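Participant: Starting off with a structure, shown below.
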Amino acid sequence: MIGGVSESRGVDEPATHEALALVVREHAGRLAASLMSLLGDFSAAEDLVQDAVEIALERWPLEGVPDRPDAWLFTVARRRGLDVLRRESTYRAKLAQLTWPVPAEPDDRLRLVFTCCHPALSRPAQIALTLRVVCGLSTAQIAAAFLVPEATVAQRITRAKKKIAEAGIPYRIPAGEELPARLEQVLAVIYLLFNEGYLSSTAERAQARDLADDAEWLAALLANLLPKEPEAAGLLALIRLHRARGAARFNADGRLVLLADQDRTRWDRKVIEDAIALLTRTARTHRRPGPYQLQAAIVACHAEAERFEDTDWRQIVVLYDLLLALAPSPVTRLHRAVAVRYASGPEAALAELEQLGGVLERYALLHATRAELLRDLGRHAEARQADGRALELTANPAQQALLEERLRWD
Amino acid sequence: MKYVLMFVETEQFARDLEAMDEAGREAAYEAVGRWFAEHADKITHHTHLHPVHTATTVRLGGAEPIVTDGPFVEGKEVVSGFAEVEVADLDEALALARSWPACPVVEIRPAS
């Protein structure tokens with residue numbers, strides 16, 4: 001069992017909205033899954049859970065979290081259902097028979113995840129649905145996390161639910177040969193969610209829902225429910241390795257700190273060790289490397305180094321080669337070039353970058369990396385130009401601040 | 001559920017087909033025939049359309065119907081045929097579409 005899924009966090013903490021949302025997350029998906037198997041109607045099940053979640057977020061701050069949040073949510077959803085489904089007599093009859101506890105199938109939430117991430121839905125719809133149905137986020141929380149109007153999220157979800165019903169998107173775990181491609185979709189959604197949360201986490205946005213936390217929770221859920229799929233565990237290890245170093249990414253003023261300059265004593269060693277153990281165990285058991293396991297292995301190389309100078313760059317270059325063989329991408333080649341800089345020197349790295357200029361012309365990190373290499377080689381005027389170009393291209397305030405500082409110092 | 005698979009040809013596909021020799025074209029048609037035979041239990045109806053230059057479009061929006069030469073939308077991708085299928089859900093329809101051996105685009109729409 002991989003930790004972090006069933007522990008119900010937040011109950012003992014002060015009853016902040018945030019903490020309550022985490023309790024909801026532990027139970028909303030299960031409730032959605034059992035209502036779904038009872039009613040056979042995704043949209044109706046989802047509406048009832050959402051209503052129950054919203055009532056909980058209103059009442060729990062005043063009344064305290066109930067002893068059995070799952071039974072509480074269930075009772076509210078059932079009562080709501082009997083109320084709103086008055087006209088739909090078959091649903092009513094089914095709901096009326098329902099008593100707590102509902103016999104739970106262990107796979108239920110997995111079916112939910114695969115339906116939410118069905119390739120016939122657009123990526124934004126997959127993300128919004130997964131957050132709402134599996135993690136129990138409210139529309140308002142999703143909107144706040146992505147900085148989009150609530151109406152946009154609501155519309156996205158309504159459309160997606162309509163498509164599920166009308167296009168006949170099934171509610172099931174994909175069969176054997178379909179599974180790899182479908183799992184890839186689910187993992188991509190989770191990783192995107194993680195990046196959205198992790199990269200946008202700045203001091204100013206500390207109030208917003210931490211999507212990186214939801215992503216880690218989802219990855220743990222998936223790794224638990226799909227023990228035969230090493231990539232699920234790989235993604236979980238990757239996310240945990242990144243998050244273990246999260247505290248050191250920003251200084252007291254909320255400015256981004258580069259890997260080389262981070263205070264490594266602030267990295268969470270315990271989390272790093274556990275994640276590396278998970279990764280090693282997964283690799284040994286399955287012997288089926290994949291892009292997430294390899295990315296996690298690369299991050300592990302960084303996380304294991306006590307000082308920046310101790311980083312095993314040659315090993316990292318080898319891992320990038322394996323990754324590129326499985327999943328070619330210009331961004332991965334850029335990252336590999338950074339490793340080459342430390343393994344073989346700036347000249348070799350710059351030569352690799354120059355090949356990428358065309359494809360990644362509009363990618364800020366390419367220009368920022370180029371600037372660093374040019375500075376290494378003493379070509380300061382060109383470096384300034386590259387930094388300026390990077391600054392034009394990035395929208396992330398923390399990255400902007402870093403680049404501005406570099407331009408001032410140079 | 002009932003779905004319609006719309007088979008969509010591209011200019012490139014049409015050119016490739018034209019460039020084939022007699023035997024190649026024969027093989028391509030045979031593959032399509034095999035596909036229909038293999039899935040005969042799910043296919044309730046199918047139609048192959050003649051090339052797009054044979055199309056005539058009638059527009060009824062204005063005061064008088066306007067008849068024009070050509071398809072309703074001029075594009076590089078044109079519908080070249082339909083198959084109506086009866087399957088359990090979208091995943092089954094997707095599996096059928098994935099195994100389609102001819103033109104490179106298939107649109108799936110639920111139908112009633």
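For the structure tokens, the naming scheme is as follows: chains receive sequential letters (A, B, ...) according to their order of presentation, residues are indexed from 1 within each chain, and ligands are indexed from 1 in presentation order.
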Would you kindly return, as a ChimeraX atom specification, each protein, DNA or RNA residue with an atom no farther than 10 Å from any atom of Thr130 in chain A, considering only C-alpha atoms and excluding same-chain residues fewer than 3 positions away?
Facilitator: /A:29,112-117,124-127,133-137,157,186,189-190,218
Participant: So that I have them on file, write out the residues from the current selection with N, CA, C and O atoms, as a compact mmCIF listing (two decimals), in the first residue's frame.
Facilitator:
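Result saved to again_15.txt:
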```txt
# COMPACT_ATOMS: atom_id res chain seq x y z
N GLY A 29 -15.30 11.26 -4.23
CA GLY A 29 -15.15 10.36 -5.37
C GLY A 29 -15.81 9.02 -5.12
O GLY A 29 -16.48 8.45 -5.99
N LEU A 112 -14.41 5.88 -12.58
CA LEU A 112 -14.71 7.30 -12.61
C LEU A 112 -13.58 8.09 -13.29
O LEU A 112 -13.81 8.93 -14.15
N VAL A 113 -12.35 7.77 -12.89
CA VAL A 113 -11.19 8.47 -13.45
C VAL A 113 -11.11 8.26 -14.96
O VAL A 113 -10.91 9.21 -15.72
N PHE A 114 -11.29 7.02 -15.39
CA PHE A 114 -11.18 6.74 -16.83
C PHE A 114 -12.29 7.41 -17.63
O PHE A 114 -12.07 7.82 -18.78
N THR A 115 -13.46 7.52 -17.04
CA THR A 115 -14.54 8.22 -17.74
C THR A 115 -14.23 9.71 -17.85
O THR A 115 -14.38 10.31 -18.91
N CYS A 116 -13.78 10.30 -16.75
CA CYS A 116 -13.47 11.74 -16.75
C CYS A 116 -12.34 12.06 -17.74
O CYS A 116 -12.31 13.16 -18.28
N CYS A 117 -11.41 11.14 -17.92
CA CYS A 117 -10.27 11.40 -18.80
C CYS A 117 -10.43 10.71 -20.15
O CYS A 117 -9.44 10.40 -20.82
N PRO A 124 -9.20 20.46 -21.34
CA PRO A 124 -9.73 21.26 -20.23
C PRO A 124 -10.96 20.60 -19.56
O PRO A 124 -11.12 20.70 -18.35
N ALA A 125 -11.78 19.93 -20.37
CA ALA A 125 -12.95 19.26 -19.80
C ALA A 125 -12.51 18.07 -18.94
O ALA A 125 -13.04 17.85 -17.85
N GLN A 126 -11.50 17.33 -19.40
CA GLN A 126 -10.98 16.20 -18.61
C GLN A 126 -10.49 16.69 -17.25
O GLN A 126 -10.77 16.08 -16.22
N ILE A 127 -9.78 17.80 -17.27
CA ILE A 127 -9.21 18.33 -16.03
C ILE A 127 -10.31 18.79 -15.08
O ILE A 127 -10.33 18.43 -13.90
N VAL A 133 -15.32 15.61 -10.04
CA VAL A 133 -15.94 14.32 -9.74
C VAL A 133 -15.06 13.46 -8.84
O VAL A 133 -15.53 12.85 -7.90
N VAL A 134 -13.77 13.39 -9.14
CA VAL A 134 -12.91 12.47 -8.39
C VAL A 134 -12.38 13.13 -7.12
O VAL A 134 -12.31 12.50 -6.07
N CYS A 135 -12.02 14.42 -7.21
CA CYS A 135 -11.45 15.10 -6.05
C CYS A 135 -12.48 15.91 -5.25
O CYS A 135 -12.14 16.45 -4.21
N GLY A 136 -13.70 16.02 -5.78
CA GLY A 136 -14.74 16.73 -5.04
C GLY A 136 -14.53 18.24 -4.92
O GLY A 136 -15.00 18.86 -3.99
N LEU A 137 -13.80 18.84 -5.87
CA LEU A 137 -13.67 20.30 -5.84
C LEU A 137 -14.97 20.93 -6.31
O LEU A 137 -15.66 20.37 -7.16
N ILE A 157 -18.04 21.91 -17.65
CA ILE A 157 -18.50 20.69 -16.99
C ILE A 157 -19.85 20.24 -17.54
O ILE A 157 -20.07 19.06 -17.83
N VAL A 186 -4.83 9.51 -18.71
CA VAL A 186 -5.09 9.83 -17.30
C VAL A 186 -3.83 10.41 -16.66
O VAL A 186 -3.88 11.44 -15.99
N VAL A 189 -3.20 13.95 -17.73
CA VAL A 189 -4.08 14.91 -17.04
C VAL A 189 -3.53 15.21 -15.65
O VAL A 189 -3.42 16.38 -15.24
N ILE A 190 -3.12 14.17 -14.93
CA ILE A 190 -2.61 14.37 -13.57
C ILE A 190 -1.32 15.18 -13.59
O ILE A 190 -1.13 16.10 -12.79
N LEU A 218 -4.19 12.20 -6.56
CA LEU A 218 -4.69 11.40 -7.68
C LEU A 218 -3.68 10.34 -8.11
O LEU A 218 -4.04 9.20 -8.39
```
Participant: Can you list, as number ranges by chain, all residues belonging to range 52-97 of chain B that DSSP tags as alpha helix (DSSP H)?
Facilitator: B: 90-97
Participant: Could you build a table of the residues in chain A lying no more than 6 Å from chain B, giving for each the nearest pair of atoms and their separation in Å rounded to one decimal place, using only C-alpha atoms, ordered by chain and ascending residue number, as a Markdown table?
Facilitator:
```
| residue | atom | partner | partner_atom | distance |
| --- | --- | --- | --- | --- |
| A:Ala167 | CA | B:Pro110 | CA | 5.5 |
| A:Gly168 | CA | B:Asp89 | CA | 5.0 |
| A:Ile169 | CA | B:Leu90 | CA | 5.1 |
| A:Pro170 | CA | B:Asp89 | CA | 5.9 |
```
Participant: For Lys161 in chain A, which of A:Gln141, A:Gln50, A:Ser43, A:Asn251 is the closest residue, counting only C-alpha atoms?
Facilitator: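 Comparing A:Gln141, A:Gln50, A:Ser43, A:Asn251 against Lys161 in chain A, the winner is A:Ser43.
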Participant: Which one is closest to Ala55 in chain B: B:Leu17, B:Ile43, B:Val4, B:Val79? Count only C-alpha atoms.
Facilitator: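 Among the listed residues, B:Val79 lies closest to Ala55 in chain B.
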Participant: Find the residues around range 263-265 of chain A up to 10 Å (only C-alpha atoms counted), leave out those fewer than 6 positions away in its own chain, and share them as an NGL selection string.
Facilitator: :A and (245 or 247-251 or 257 or 303 or 305-308)
Participant: CA of Ile142 in chain A and CA of Arg78 in chain A are how many Å apart?
Facilitator: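 Computing it gives 24.6 Å between the two atoms.
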Participant: For Ile298 in chain A, please output as a list in words all residues within 6 Å (counting only C-alpha atoms; exclusion window: fewer than 3 positions along the same chain).
Facilitator: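 What passes the distance filter is Gln295, Cys301 and Ile316 of chain A.
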Participant: Report, in Å with one decimal, the straight-line distance from CA of Ala77 in chain A to CA of Ala52 in chain A.
Facilitator: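 Those two atoms sit 5.2 Å apart.
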Participant: List the neighbours of Cys103 in chain B out to 7 Å using only C-alpha atoms; skip same-chain residues closer than 4 positions along the sequence, and give me the result as a list in words.
Facilitator: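 Answer for this query is Phe7, Val8, Glu9 and Phe13 of chain B.
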Participant: Using only C-alpha atoms, determine which residues lie at most 8 Å from Pro119 in chain A, disregarding the query and same-chain residues fewer than 3 positions distant; provide the list as a ChimeraX atom specification.
Facilitator: /A:122,182,185
Participant: Please measure the separation of CA of Ala349 in chain A and CA of Asp376 in chain A, giving the value in Å to one decimal.
Facilitator: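 So the two atoms, CA of Ala349 in chain A and CA of Asp376 in chain A, lie 11.0 Å apart.
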Participant: When DSSP works through the backbone of this structure, what residues of chain B end up as strand (DSSP E or B), shown as a VMD selection string?
Facilitator: chain B and resid 2 to 10 43 to 48 56 to 59 66 to 69 77 to 86 105 to 110
Participant: Could you pull the residues within 12 Å of Asp387 in chain A, counting only C-alpha atoms, minus those fewer than 4 positions along the same chain, as a ChimeraX atom specification?
Facilitator: /A:363-375,380-383,391-394,399-410
